[in-house]
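This report refers to the structure that appears directly beneath it.
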Number of protein chains: 2
Amino acid sequence: MNFTDAEQLASQLDASDTLASLRGQFDIPDGIVYFDGNSLGPLTYRSREVLTRTIEFEWRERLIRSWNEDWLAMPARIGNALAPIIGASPNTVTVCDNTSINVHKALMSAVALRPDRTEIVIDINNFPTDIYIAQSVADQNNLTLIAVPADRIIESISERTAVVTATHVDYRSAQLLDAEGITLAAHSHGALVVWDLAHTAGAVPFDVTALDVDFAVGCGYKYLNGGPGAPAFIYVAPRLLDTASQPLQGWWGHEFPFEFETSFRPAVGIDRYLTGTANVLSMKSLEAALEIFSGVSMVELRAKSQSLTTFFIDLFDAFLAEKGFSLGTPRDPESRGSHVALGFAGGKALVETMAEQGVIADFRPPDLMRFGCAPLYNSHMDIVHLVKMLAAR
Amino acid sequence: MNFTDAEQLASQLDASDTLASLRGQFDIPDGIVYFDGNSLGPLTYRSREVLTRTIEFEWRERLIRSWNEDWLAMPARIGNALAPIIGASPNTVTVCDNTSINVHKALMSAVALRPDRTEIVIDINNFPTDIYIAQSVADQNNLTLIAVPADRIIESISERTAVVTATHVDYRSAQLLDAEGITLAAHSHGALVVWDLAHTAGAVPFDVTALDVDFAVGCGYKYLNGGPGAPAFIYVAPRLLDTASQPLQGWWGHEFPFEFETSFRPAVGIDRYLTGTANVLSMKSLEAALEIFSGVSMVELRAKSQSLTTFFIDLFDAFLAEKGFSLGTPRDPESRGSHVALGFAGGKALVETMAEQGVIADFRPPDLMRFGCAPLYNSHMDIVHLVKMLAAR
């Protein structure tokens with residue numbers, strides 16, 4: 001294969017891409033090829049439109065009245081818009097705070113529901129914030145944090161385990177963890193699970209209902225395109241909602257926040273996972289960006305994502321394997337998420353040089369370049385462009 | 001006094017108002033008289049300008065690069081912009097999350113620093129979220145929450161007290177609590193204090209340094225005008241920063257977040273109070289709104305605020321006292337914050353009717369109308385307009 005072949009192949013694949021038109025909903029600057037949707041999704045036209053209305057009409061003109069007219073309903077409404085993306089039923093997802101804080105809420109809930117257990121099991125390669133938060137939850141509750149590689153999670157679960165937590169798509173390798181096996185193993189030992197869907201939601205199908213997951217959390221600013229620092233989400237299984245509690249019990253989690261009662265009474269349902277005032281601008285931006293998903297099936301999205309990453313790996317084999325790059329992502333498309341990682345000595349400098357030339361990716365120490373292949377807006381031709389630049393470094 | 005006299009007096013007072021020109025920095029719609037800065041500050045021209053740049057340049061164009069170019073530095077930078085407003089020295093304030101979450105962080109820190117104490121003392125009339133959070137912190141640490149009226153706080157502090165927490169300006173009455181007396185009493189018993197400055201910051205002077213306060217938190221969207229759901233702030237006394245810890249220890253609170261270490265090491269200084277990814281849009285909006293304060297002395301701000309609330313109470317006496325309204329705010333200007341509360345049966349409906357006529361206030365159960373008198377943009381003539389409408393109800 002040479003690059004002319006690659007371009008021809010990319011053209012064919014893009015021509016038969018049923019999601020190709022969605023690229024038009026993103027305002028990606030001319031001259032930019034963007035491979036960092038796994039860190040920060042780009043601006044959608046719809047988010048800009050909604051933000052303008054939020055600033056000019058809701059804040060400037062309606063002022064405090066917007067709370068009753070719209071904003072108080074945001075967490076539940078946006079939670080329901082997001083729910084289908086992770087297979088959740090209505091009124092089981094809410095949108096608030098950031099992922100770290102929602103990991104804290106979920107883990108604290110889980111250990112309170114398993115008061116006689118003594119251990120938390122976590123993927124040692126989890127994104128660090130999950131480990132830091134889990135360590136803190138373990139410390140606060142006099143539990144032991146058992147941190148093991150993903151392939152040893154199942155064997156580490158026992159009758160001592162209160163909760164198992166892991167991120168579904170590894171943030172470095174894009175390795176997909178065995179969500180079904182881990183969830184089943186946890187449940188078979190009476191433990192609960194908290195899945196972090198930061199690199200899943202919006203790019204990789206996940207069905208919290210079919211998997212009978214207890215808790216899930218995730219990020220609004222990666223493949224969901226909510227904008228920088230967009231709020232995170234939290235899912236709680238309906239069977240747990242009546243009994244679960246979480247310690248960040250602020251007024252937004254009260255049954256009647258505007259009665260200003262002196263005693264806390266948790267809201268019925270998922271609202272009890274709210275704490276304080278919602279961040280309106282980012283909530284609205286996320287809500288706008290989620291509209292794109294309403295017409296997209298997760299099956300199509302996954303097929304496109306796999307087509308992109310498979311094509312990338314084909315080009316890696318043809319053009320990069322012998323040029324100092326190593327593949328850091330599983331070859332089996334069923335075993336990987338939506339980014340491709342390449343090891344490369346000097347990757348940090350290369351990512352910076354490429355950005356100056358309009359191709360944006362990111363870097364994770366010690367030597368990993370990451371390329372998010374977002375099925376909503378990346379094309380196969382984007383990948384040819386990228387690999388050409390890598391090969392020419 | 002009749003309304004012609006009142007208008008003449010208002011004109012004189014407004015003519016000698018050295019802060020009057022600041023009103024021009026707010027984009028308050030024509031026909032709106034706004035008395036709800038104690039709930040949601042209005043849009044500033046500068047916030048709009050900065051938000052546009054954040055969306056169009058930083059997000060759309062620079063994309064992920066904006067984290068290194070600007071956004072990672074926001075919490076410290078905005079904390080330092082806010083610090084003088086509460087008398088804090090540089091690098092002791094950060095901006096993140098919401099007030100409820102920061103109350104949690106501060107109280108958890110405080111009780112960890114006083115491990116042998118058994119009680120938390122709180123103002124029973126505190127804003128409910130503070131009480132709910134304090135109850136949760138007490139429950140998690142097997143402490144007793146002692147909730148008493150403000151005038152009984154000092155006598156309730158003892159050698160058993162780990163921490164005392166209260167809101168400086170009562171959210172209903174605008175009563176100013178005795179910050180100096182309460183802080184001294186707490187310290188004399190070896191306890192710590194957490195002051196909630198939600199209704200203070202931006203309208204009432206407070207000096208965390210002179211008062212030797214341990215922790216303070218507050219809100220970005222009231223008198224600081226950061227926009228709906230703007231992030232909150234947290235102050236920690238420098239003498240505590242090396243030893244204090246807080247349980248929401250996410251990656252943003254790590255010494256080297258981008259080293260992705262497996263073990264948590266708290267950042268040096270106030271950064272350890274961060275948890276997860278900052279909410280960029282609202283952070284930038286708050287930062288823009290804070291620029292107004294850089295040219296304003298807290299003494300001038302307080303004088304204007306007291307002039308407004310005193311004038312309001314004078315008009316209350318002249319026009320409202322005999323029409324079913326009762327004054328819910330202290331008459332002594334040294335004892336009140338920056339809003340005036342009026343009791344009125346049917347206040348909820350009246351607030352709604354007035355809003356339809358362009359005068360915006362708010363309501364707290366059971367019968368309290370609140371009128372925020374924001375020294376940055378309210379005028380004495382605004383108050384004549386308001387009282388005329390109330391008197392004509």
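Scheme for the structure tokens: letters A, B, ... for chains in order shown; per-chain residue numbers from 1; ligand numbers from 1 in order shown.
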
Should the cut-off be 7 Å, what would the residue list for chain A against chain B look like, counting only C-alpha atoms, as a ChimeraX atom specification? /A:28-29,40,42-43,59-61,63-64,97-101,128-129,131-133,136,228-230,247-251,259-264,275-282,365

Residues within 10 Å of Ala150 in chain B, only C-alpha atoms, excluding chain neighbours under 5 positions, as a list in words: Ile122, Asp123, Ile124, Asn125, Asn126, Ala166, Thr167, Asp170, Gln175, Leu176, Leu177, Asp178 and Ile182 of chain B

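One distance worth recording is that between CA of Ala210 in chain B and CA of Thr92 in chain B, which is 14.1 Å.
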
Within 8 Å of range 382-385 of chain A, counting only C-alpha atoms, which residues qualify if same-chain residues fewer than 3 places away don't, as a PyMOL selection string? chain A and resi 3+6-7+10+33+308+311-312+315+378-379+388-389

Would you give me, as a ChimeraX atom specification, the residues in range 160-196 of chain A that DSSP reads as alpha helix (DSSP H)? /A:179-188

Save out the residues we just selected, N, CA and C atoms, as an mmCIF file, in the first residue's frame.
data_model
loop_
_atom_site.group_PDB
_atom_site.id
_atom_site.type_symbol
_atom_site.label_atom_id
_atom_site.label_comp_id
_atom_site.auth_asym_id
_atom_site.auth_seq_id
_atom_site.Cartn_x
_atom_site.Cartn_y
_atom_site.Cartn_z
ATOM 1 N N ALA A 179 -16.554 -5.723 30.925
ATOM 2 C CA ALA A 179 -17.565 -5.160 31.830
ATOM 3 C C ALA A 179 -18.528 -6.229 32.317
ATOM 4 N N GLU A 180 -18.896 -7.125 31.413
ATOM 5 C CA GLU A 180 -19.861 -8.150 31.794
ATOM 6 C C GLU A 180 -19.256 -9.109 32.818
ATOM 7 N N GLY A 181 -18.048 -9.579 32.517
ATOM 8 C CA GLY A 181 -17.405 -10.542 33.415
ATOM 9 C C GLY A 181 -17.134 -9.944 34.792
ATOM 10 N N ILE A 182 -16.657 -8.718 34.803
ATOM 11 C CA ILE A 182 -16.325 -8.084 36.085
ATOM 12 C C ILE A 182 -17.592 -7.804 36.895
ATOM 13 N N THR A 183 -18.627 -7.331 36.198
ATOM 14 C CA THR A 183 -19.881 -7.036 36.911
ATOM 15 C C THR A 183 -20.487 -8.317 37.483
ATOM 16 N N LEU A 184 -20.482 -9.378 36.664
ATOM 17 C CA LEU A 184 -21.015 -10.665 37.138
ATOM 18 C C LEU A 184 -20.218 -11.188 38.321
ATOM 19 N N ALA A 185 -18.898 -11.096 38.223
ATOM 20 C CA ALA A 185 -18.051 -11.601 39.308
ATOM 21 C C ALA A 185 -18.310 -10.821 40.595
ATOM 22 N N ALA A 186 -18.429 -9.504 40.453
ATOM 23 C CA ALA A 186 -18.710 -8.692 41.640
ATOM 24 C C ALA A 186 -20.037 -9.118 42.259
ATOM 25 N N HIS A 187 -21.056 -9.197 41.423
ATOM 26 C CA HIS A 187 -22.383 -9.531 41.952
ATOM 27 C C HIS A 187 -22.414 -10.940 42.552
ATOM 28 N N SER A 188 -21.663 -11.850 41.942
ATOM 29 C CA SER A 188 -21.698 -13.224 42.462
ATOM 30 C C SER A 188 -21.072 -13.305 43.850
#

If you run DSSP on the backbone, which residues of range 191-281 of chain B are strand (DSSP E or B), as an MDAnalysis selection string? chainID B and resid 192:196 215:218 232:236 254 266

Lys323 in chain B: which residues within 8 Å, counting only C-alpha atoms, same-chain residues fewer than 3 positions away excluded, as number ranges by chain? B: 319-320, 391

Go ahead and dump the residues you just picked, N, CA, C and O atoms, as an mmCIF file, in the first residue's frame.
data_model
loop_
_atom_site.group_PDB
_atom_site.id
_atom_site.type_symbol
_atom_site.label_atom_id
_atom_site.label_comp_id
_atom_site.auth_asym_id
_atom_site.auth_seq_id
_atom_site.Cartn_x
_atom_site.Cartn_y
_atom_site.Cartn_z
ATOM 1 N N PHE B 319 -43.442 54.882 53.968
ATOM 2 C CA PHE B 319 -44.480 54.467 53.005
ATOM 3 C C PHE B 319 -45.024 53.051 53.191
ATOM 4 O O PHE B 319 -46.059 52.722 52.637
ATOM 5 N N LEU B 320 -44.301 52.197 53.909
ATOM 6 C CA LEU B 320 -44.689 50.786 53.914
ATOM 7 C C LEU B 320 -45.072 50.246 55.291
ATOM 8 O O LEU B 320 -45.819 49.268 55.381
ATOM 9 N N ALA B 391 -45.735 50.202 47.694
ATOM 10 C CA ALA B 391 -46.770 50.993 48.370
ATOM 11 C C ALA B 391 -48.078 50.971 47.590
ATOM 12 O O ALA B 391 -49.162 51.108 48.170
#

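Distances to Arg77 in chain B were evaluated for B:Asp317, B:Glu287, B:Asp5, B:Glu334 using only C-alpha atoms, and the minimum falls at B:Glu287.
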
What is the distance between CA of Thr309 in chain A and CA of Ile86 in chain A, in Å to one decimal? 21.2 Å

Distance query Ser158 in chain A at most 12 Å, only C-alpha atoms, self and fewer than 4 positions along chain excluded, as a ChimeraX atom specification: /A:117-121,146,153-154,162-164,182,185-192

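Among B:Ser16, B:Glu322, B:Asp242, B:Thr165, the residue with the shortest atom-to-atom distance to Val148 in chain B, counting only C-alpha atoms, is B:Thr165.
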